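Chemist: Dropping the structure in here first, questions after.
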Protein chains: 2
Amino acid sequence: MSSQLTITGLTGVPLVKAGDDLAAIALAAYAATGLAPADGDVLVIAQKIVSKAEDRMVDVATVEPSAQAIALAVEVDKDPRLVQVILSESRRIVRHRPNLMIAEHRLGYVMANAGIDHSNVAPGDGTERVLLLPVDPDGSAENLRRQLAEACGKRIAIIISDSFGRPFRRGTVGIALGAAGLPSVIDWRGHPDLFGRKLEVTETGFADEIAAAASLVQGQADEGTPIVLVRGLAWSAPDAPGAALVRPAEHDLFR
Amino acid sequence: MSSQLTITGLTGVPLVKAGDDLAAIALAAYAATGLAPADGDVLVIAQKIVSKAEDRMVDVATVEPSAQAIALAVEVDKDPRLVQVILSESRRIVRHRPNLMIAEHRLGYVMANAGIDHSNVAPGDGTERVLLLPVDPDGSAENLRRQLAEACGKRIAIIISDSFGRPFRRGTVGIALGAAGLPSVIDWRGHPDLFGRKLEVTETGFADEIAAAASLVQGQADEGTPIVLVRGLAWSAPDAPGAALVRPAEHDLFR
């Protein structure tokens with residue numbers, strides 16, 4: 001068990017553009033913050049800069065909405081072209097009402113607007129640009145983990161984080177879309193409690209808790225701190241990707 | 001925005017018994033950890049020790065199950081007396097299946113077993129004891145906040161934390177049942193993003209994110225670290241209790 005963590009927002013991260021090298025940006029941010037990479041570090045990277053580096057921008061003005069998107073747009077009171085982008089990223093719409101679409105993203109995440117985001121996207125010249133999630137957040141995390149290991153020789157785990165709303169509770173919280181080099185989920189079955197009784201909590205959402213912690217430093221109002229270093233975590237469970245955090249639909253009582 | 005947080009499990013917390021003074025225990029734990037209380041500290045206290053101090057133990061062997069509890073017990077494959085305790089703590093059962101009951105607790109939390117817990121409860125002599133949630137977690141947090149302020153003169157915010165499962169995602173995460181001295185929910189409406197556009201995320205679950213962060217240090221397998229100090233948080237939003245995190249049923253698409 002970890003007994004002390006430090007959570008540090010790395011400074012010196014530039015505005016990220018398509019094609020940027022996030023491993024180089026992360027290493028420069030370590031240096032700008034006055035820190036050296038160390039084994040066991042966890043870097044929590046905001047989804048937004050991963051999507052920007054991977055050029056996941058779509059100009060809504062170029063989208064042709066389907067009949068389904070046009071009909072749904074009336075119900076949710078959104079631009080039919082934006083609704084089309086959301087549908088294209090989704091397996092299905094789980095719930096909707098005016099001004100709210102909760103989609104099951106093609107990767108299984110149940111989230112508002114299939115993760116499509118307007119904010120912190122630089123306005124274009126007459127274009128209306130939105131940002132999609134990375135194509136494969138676990139793959140992006142693994143690439144970054146490997147590039148960092150090659151560049152600095154340290155074992156650095158990566159979480160690609162986003163903010164999700166949730167049923168039953170107000171407010172968004174940080175979650176892990178993708179992860180590499182750590183267990184996203186930790187199985188506690190078989191661990192005895194203080195009195196030797198089998199634990200009732202069998203799984204913890206380790207990477208989601210790390211992403212929530214990092215969110216306290218990342219903030220919402222700008223992207224000045226999209227890379228957060230979490231230092232001091234210890235774990236013994238095997239690595240599992242962010243996909244392990246998606247509850248399979250057949251085990252879900254609320255989908 | 002906070003730029004660096006430290007999250008420290010306080011040492012020297014004894015096994016808590018009914019009637020124990022948690023403010024005195026917390027101050028002794030600061031000292032045992034070699035730290036002095038400071039303005040702006042947030043203490044995250046595991047629900048379990050609050051419930052124990054408040055003597056929220058029930059001996060299941062003394063409970064008379066209702067006909068409803070007996071019928072439901074067959075469906076969920078649990079002891080009808082335990083089902084009765086869960087029903088007594090709940091407004092209603094939201095979902096159930098064998099070995100799982102998701103209840104709307106009388107305080108509105110939607111959670112497994114209405115928060116009733118077997119683990120880390122010392123086995124009695126032939127009794128079968130379980131632990132209920134505190135009667136009023138926000139009130140417990142506020143009492144503790146006030147007692148600490150009186151004892152040491154510092155502004156210390158309090159979160160009473162638990163671990164919740166959630167729809168759509170595997171693994172439990174730390175959440176705030178009760179809170180005092182900080183904003184459980186922060187409203188970001190009106191804050192511009194980097195490019196002056198209105199933010200789409202309007203509320204963050206600040207106290208839930210803090211509880212999730214503390215959970216990384218609290219652990220699951222024992223109650224050795226039930227008090228966690230989070231230092232370095234900054235906020236300007238007004239205080240709001242843990243109850244503010246409960247989404248009203250009429251705004252909930254999944255209940």
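Residue numbering restarts at 1 in every chain; chains get A, B, ... in the order shown in the structure tokens, and ligands count up from 1 in that same order.
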I'd like the neighbourhood of range 36-48 of chain B as a ChimeraX atom specification, where a residue qualifies if any of its atoms comes within 8 Å (using only C-alpha atoms), though same-chain residues fewer than 2 positions away should be ignored.

Modeler: /B:27,30-31,34,50-52,131,133-134,152,154-162,177,210-211,214,218,226-234

Chemist: Could you find all residues in range 69-177 of chain B that DSSP calls strand (DSSP E or B) from the backbone, and write them as an mmCIF file with C-alpha atoms, in the first residue's frame?

Modeler:
data_model
loop_
_atom_site.group_PDB
_atom_site.id
_atom_site.type_symbol
_atom_site.label_atom_id
_atom_site.label_comp_id
_atom_site.auth_asym_id
_atom_site.auth_seq_id
_atom_site.Cartn_x
_atom_site.Cartn_y
_atom_site.Cartn_z
ATOM 1 C CA SER B 90 -33.236 2.060 2.263
ATOM 2 C CA ARG B 91 -35.967 3.945 0.466
ATOM 3 C CA ARG B 92 -36.160 1.212 -2.150
ATOM 4 C CA ILE B 93 -34.179 -1.452 -3.986
ATOM 5 C CA VAL B 94 -33.059 -0.080 -7.371
ATOM 6 C CA ARG B 95 -31.727 -3.319 -8.890
ATOM 7 C CA HIS B 96 -31.113 -6.806 -7.632
ATOM 8 C CA ARG B 97 -29.881 -10.145 -8.812
ATOM 9 C CA LEU B 100 -26.266 -8.247 -5.454
ATOM 10 C CA MET B 101 -28.660 -5.660 -4.034
ATOM 11 C CA ILE B 102 -28.368 -2.062 -5.169
ATOM 12 C CA ALA B 103 -30.383 0.134 -2.864
ATOM 13 C CA GLU B 104 -31.333 3.762 -2.701
ATOM 14 C CA HIS B 105 -30.197 4.496 0.837
ATOM 15 C CA VAL B 110 -27.476 4.558 -4.735
ATOM 16 C CA MET B 111 -25.104 1.849 -3.567
ATOM 17 C CA ALA B 112 -24.639 -1.860 -2.982
ATOM 18 C CA ASP B 117 -20.648 -3.904 5.544
ATOM 19 C CA ARG B 129 -22.471 -8.047 13.356
ATOM 20 C CA VAL B 130 -22.694 -5.582 10.479
ATOM 21 C CA LEU B 131 -21.999 -1.877 10.311
ATOM 22 C CA ALA B 157 -12.069 20.409 5.908
ATOM 23 C CA ILE B 158 -13.512 16.929 6.427
ATOM 24 C CA ILE B 159 -14.664 14.273 3.986
ATOM 25 C CA ILE B 160 -16.238 11.027 5.168
ATOM 26 C CA SER B 161 -15.432 8.548 2.426
ATOM 27 C CA ASP B 162 -16.726 5.232 1.211
ATOM 28 C CA SER B 163 -16.138 3.037 -1.847
ATOM 29 C CA PHE B 164 -18.919 2.761 -4.406
ATOM 30 C CA ARG B 169 -17.410 0.740 -15.169
ATOM 31 C CA THR B 172 -15.113 0.564 -6.882
ATOM 32 C CA VAL B 173 -13.843 4.107 -6.374
ATOM 33 C CA GLY B 174 -13.679 6.316 -3.314
ATOM 34 C CA ILE B 175 -16.557 8.769 -2.944
ATOM 35 C CA ALA B 176 -17.597 11.390 -0.388
ATOM 36 C CA LEU B 177 -20.603 10.407 1.734
#

Chemist: Rounded to one decimal in Å, what is the spacing between CA of Gly219 in chain A and CA of Leu216 in chain B?

Modeler: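 If I compute the distance from CA of Gly219 in chain A to CA of Leu216 in chain B, I get 19.8 Å.
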
Chemist: Do a neighbour search on Trp188 in chain A at 7 Å with only C-alpha atoms, toss out local chain neighbours closer than 3 positions, and write the hits as an NGL selection string.

Modeler: :A and (191 or 202-203)

Chemist: Can you write just those residues out, N, CA and C atoms, as a PDB file, in the first residue's frame?

Modeler:
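Output contents, as saved in again.pdb:
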ATOM      1  N   HIS A 191      -7.879 -11.483  -0.397  1.00  0.00           N
ATOM      2  CA  HIS A 191      -7.196 -10.720   0.646  1.00  0.00           C
ATOM      3  C   HIS A 191      -8.051 -10.738   1.906  1.00  0.00           C
ATOM      4  N   THR A 202     -14.391  -6.559  -4.078  1.00  0.00           N
ATOM      5  CA  THR A 202     -13.493  -7.464  -4.776  1.00  0.00           C
ATOM      6  C   THR A 202     -12.633  -6.770  -5.820  1.00  0.00           C
ATOM      7  N   GLU A 203     -13.041  -5.637  -6.310  1.00  0.00           N
ATOM      8  CA  GLU A 203     -12.260  -4.961  -7.343  1.00  0.00           C
ATOM      9  C   GLU A 203     -12.273  -3.457  -7.095  1.00  0.00           C
TER      10      GLU A 203
END

Chemist: Tell me which of B:Phe254, B:Ile7, B:Arg146, B:Val60 sits closest to Pro167 in chain B, counting only C-alpha atoms.

Modeler: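 Nearest candidate to Pro167 in chain B out of B:Phe254, B:Ile7, B:Arg146, B:Val60: B:Phe254.
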
Chemist: Using only C-alpha atoms, which residues sit within 10 Å of Ala71 in chain A once same-chain residues fewer than 6 positions away are excluded, as a ChimeraX atom specification?

Modeler: /A:65,80,83

Chemist: Rounded to one decimal in Å, what is the spacing between CA of Asn113 in chain A and CA of Val58 in chain A?

Modeler: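 Value for the CA of Asn113 in chain A-CA of Val58 in chain A distance: 14.2 Å.
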
Chemist: Find the distance between CA of Ile186 in chain A and CA of Pro248 in chain A and write it in Å to one decimal.

Modeler: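 Computing it gives 16.6 Å between the two atoms.
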
Chemist: Check range 130-167 of chain B with DSSP on the backbone and list each residue it calls helix (DSSP H, G or I), as an mmCIF file with N, CA and C atoms, in the first residue's frame.

Modeler:
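File result_26.cif, as written:
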data_model
loop_
_atom_site.group_PDB
_atom_site.id
_atom_site.type_symbol
_atom_site.label_atom_id
_atom_site.label_comp_id
_atom_site.auth_asym_id
_atom_site.auth_seq_id
_atom_site.Cartn_x
_atom_site.Cartn_y
_atom_site.Cartn_z
ATOM 1 N N PRO B 137 -23.951 11.640 7.706
ATOM 2 C CA PRO B 137 -22.513 11.829 7.413
ATOM 3 C C PRO B 137 -22.102 13.305 7.320
ATOM 4 N N ASP B 138 -22.977 14.158 6.752
ATOM 5 C CA ASP B 138 -22.613 15.582 6.700
ATOM 6 C C ASP B 138 -22.549 16.183 8.097
ATOM 7 N N GLY B 139 -23.477 15.769 8.954
ATOM 8 C CA GLY B 139 -23.448 16.250 10.338
ATOM 9 C C GLY B 139 -22.200 15.755 11.068
ATOM 10 N N SER B 140 -21.839 14.497 10.831
ATOM 11 C CA SER B 140 -20.626 13.948 11.453
ATOM 12 C C SER B 140 -19.391 14.718 10.986
ATOM 13 N N ALA B 141 -19.360 15.031 9.682
ATOM 14 C CA ALA B 141 -18.215 15.770 9.133
ATOM 15 C C ALA B 141 -18.155 17.175 9.747
ATOM 16 N N GLU B 142 -19.307 17.817 9.847
ATOM 17 C CA GLU B 142 -19.343 19.179 10.388
ATOM 18 C C GLU B 142 -18.934 19.193 11.867
ATOM 19 N N ASN B 143 -19.401 18.207 12.630
ATOM 20 C CA ASN B 143 -18.984 18.120 14.043
ATOM 21 C C ASN B 143 -17.477 17.978 14.162
ATOM 22 N N LEU B 144 -16.928 17.117 13.354
ATOM 23 C CA LEU B 144 -15.490 16.866 13.408
ATOM 24 C C LEU B 144 -14.715 18.118 12.978
ATOM 25 N N ARG B 145 -15.203 18.789 11.937
ATOM 26 C CA ARG B 145 -14.565 20.021 11.474
ATOM 27 C C ARG B 145 -14.537 21.051 12.602
ATOM 28 N N ARG B 146 -15.685 21.196 13.287
ATOM 29 C CA ARG B 146 -15.790 22.201 14.342
ATOM 30 C C ARG B 146 -14.925 21.844 15.544
ATOM 31 N N GLN B 147 -14.940 20.558 15.915
ATOM 32 C CA GLN B 147 -14.110 20.119 17.052
ATOM 33 C C GLN B 147 -12.624 20.349 16.767
ATOM 34 N N LEU B 148 -12.209 20.066 15.536
ATOM 35 C CA LEU B 148 -10.794 20.276 15.193
ATOM 36 C C LEU B 148 -10.455 21.761 15.216
ATOM 37 N N ALA B 149 -11.364 22.595 14.700
ATOM 38 C CA ALA B 149 -11.120 24.043 14.706
ATOM 39 C C ALA B 149 -10.981 24.544 16.144
ATOM 40 N N GLU B 150 -11.840 24.018 17.023
ATOM 41 C CA GLU B 150 -11.772 24.459 18.427
ATOM 42 C C GLU B 150 -10.498 23.946 19.100
ATOM 43 N N ALA B 151 -10.101 22.730 18.743
ATOM 44 C CA ALA B 151 -8.946 22.126 19.430
ATOM 45 C C ALA B 151 -7.617 22.693 18.957
ATOM 46 N N CYS B 152 -7.518 23.033 17.665
ATOM 47 C CA CYS B 152 -6.197 23.449 17.164
ATOM 48 C C CYS B 152 -6.209 24.781 16.438
#

Chemist: Report as an NGL selection string all protein, DNA and RNA residues lying within 10 Å of Pro238 in chain A, evaluated on only C-alpha atoms, omitting residues in the same chain fewer than 3 positions from it.

Modeler: :A and (181-187 or 235)

Chemist: Nearest residue to Val246 in chain A out of B:Asp79, B:Arg166, B:Phe206, B:Ala179, using only C-alpha atoms?

Modeler: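 The shortest atom-to-atom distance to Val246 in chain A comes from B:Arg166.
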
Chemist: For chain B, which residue out of A:Gly9, A:Gly153, A:Pro98, A:Pro241 is the nearest one, using only C-alpha atoms?

Modeler: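 Of A:Gly9, A:Gly153, A:Pro98, A:Pro241, the one nearest chain B, counting only C-alpha atoms, is A:Gly9.
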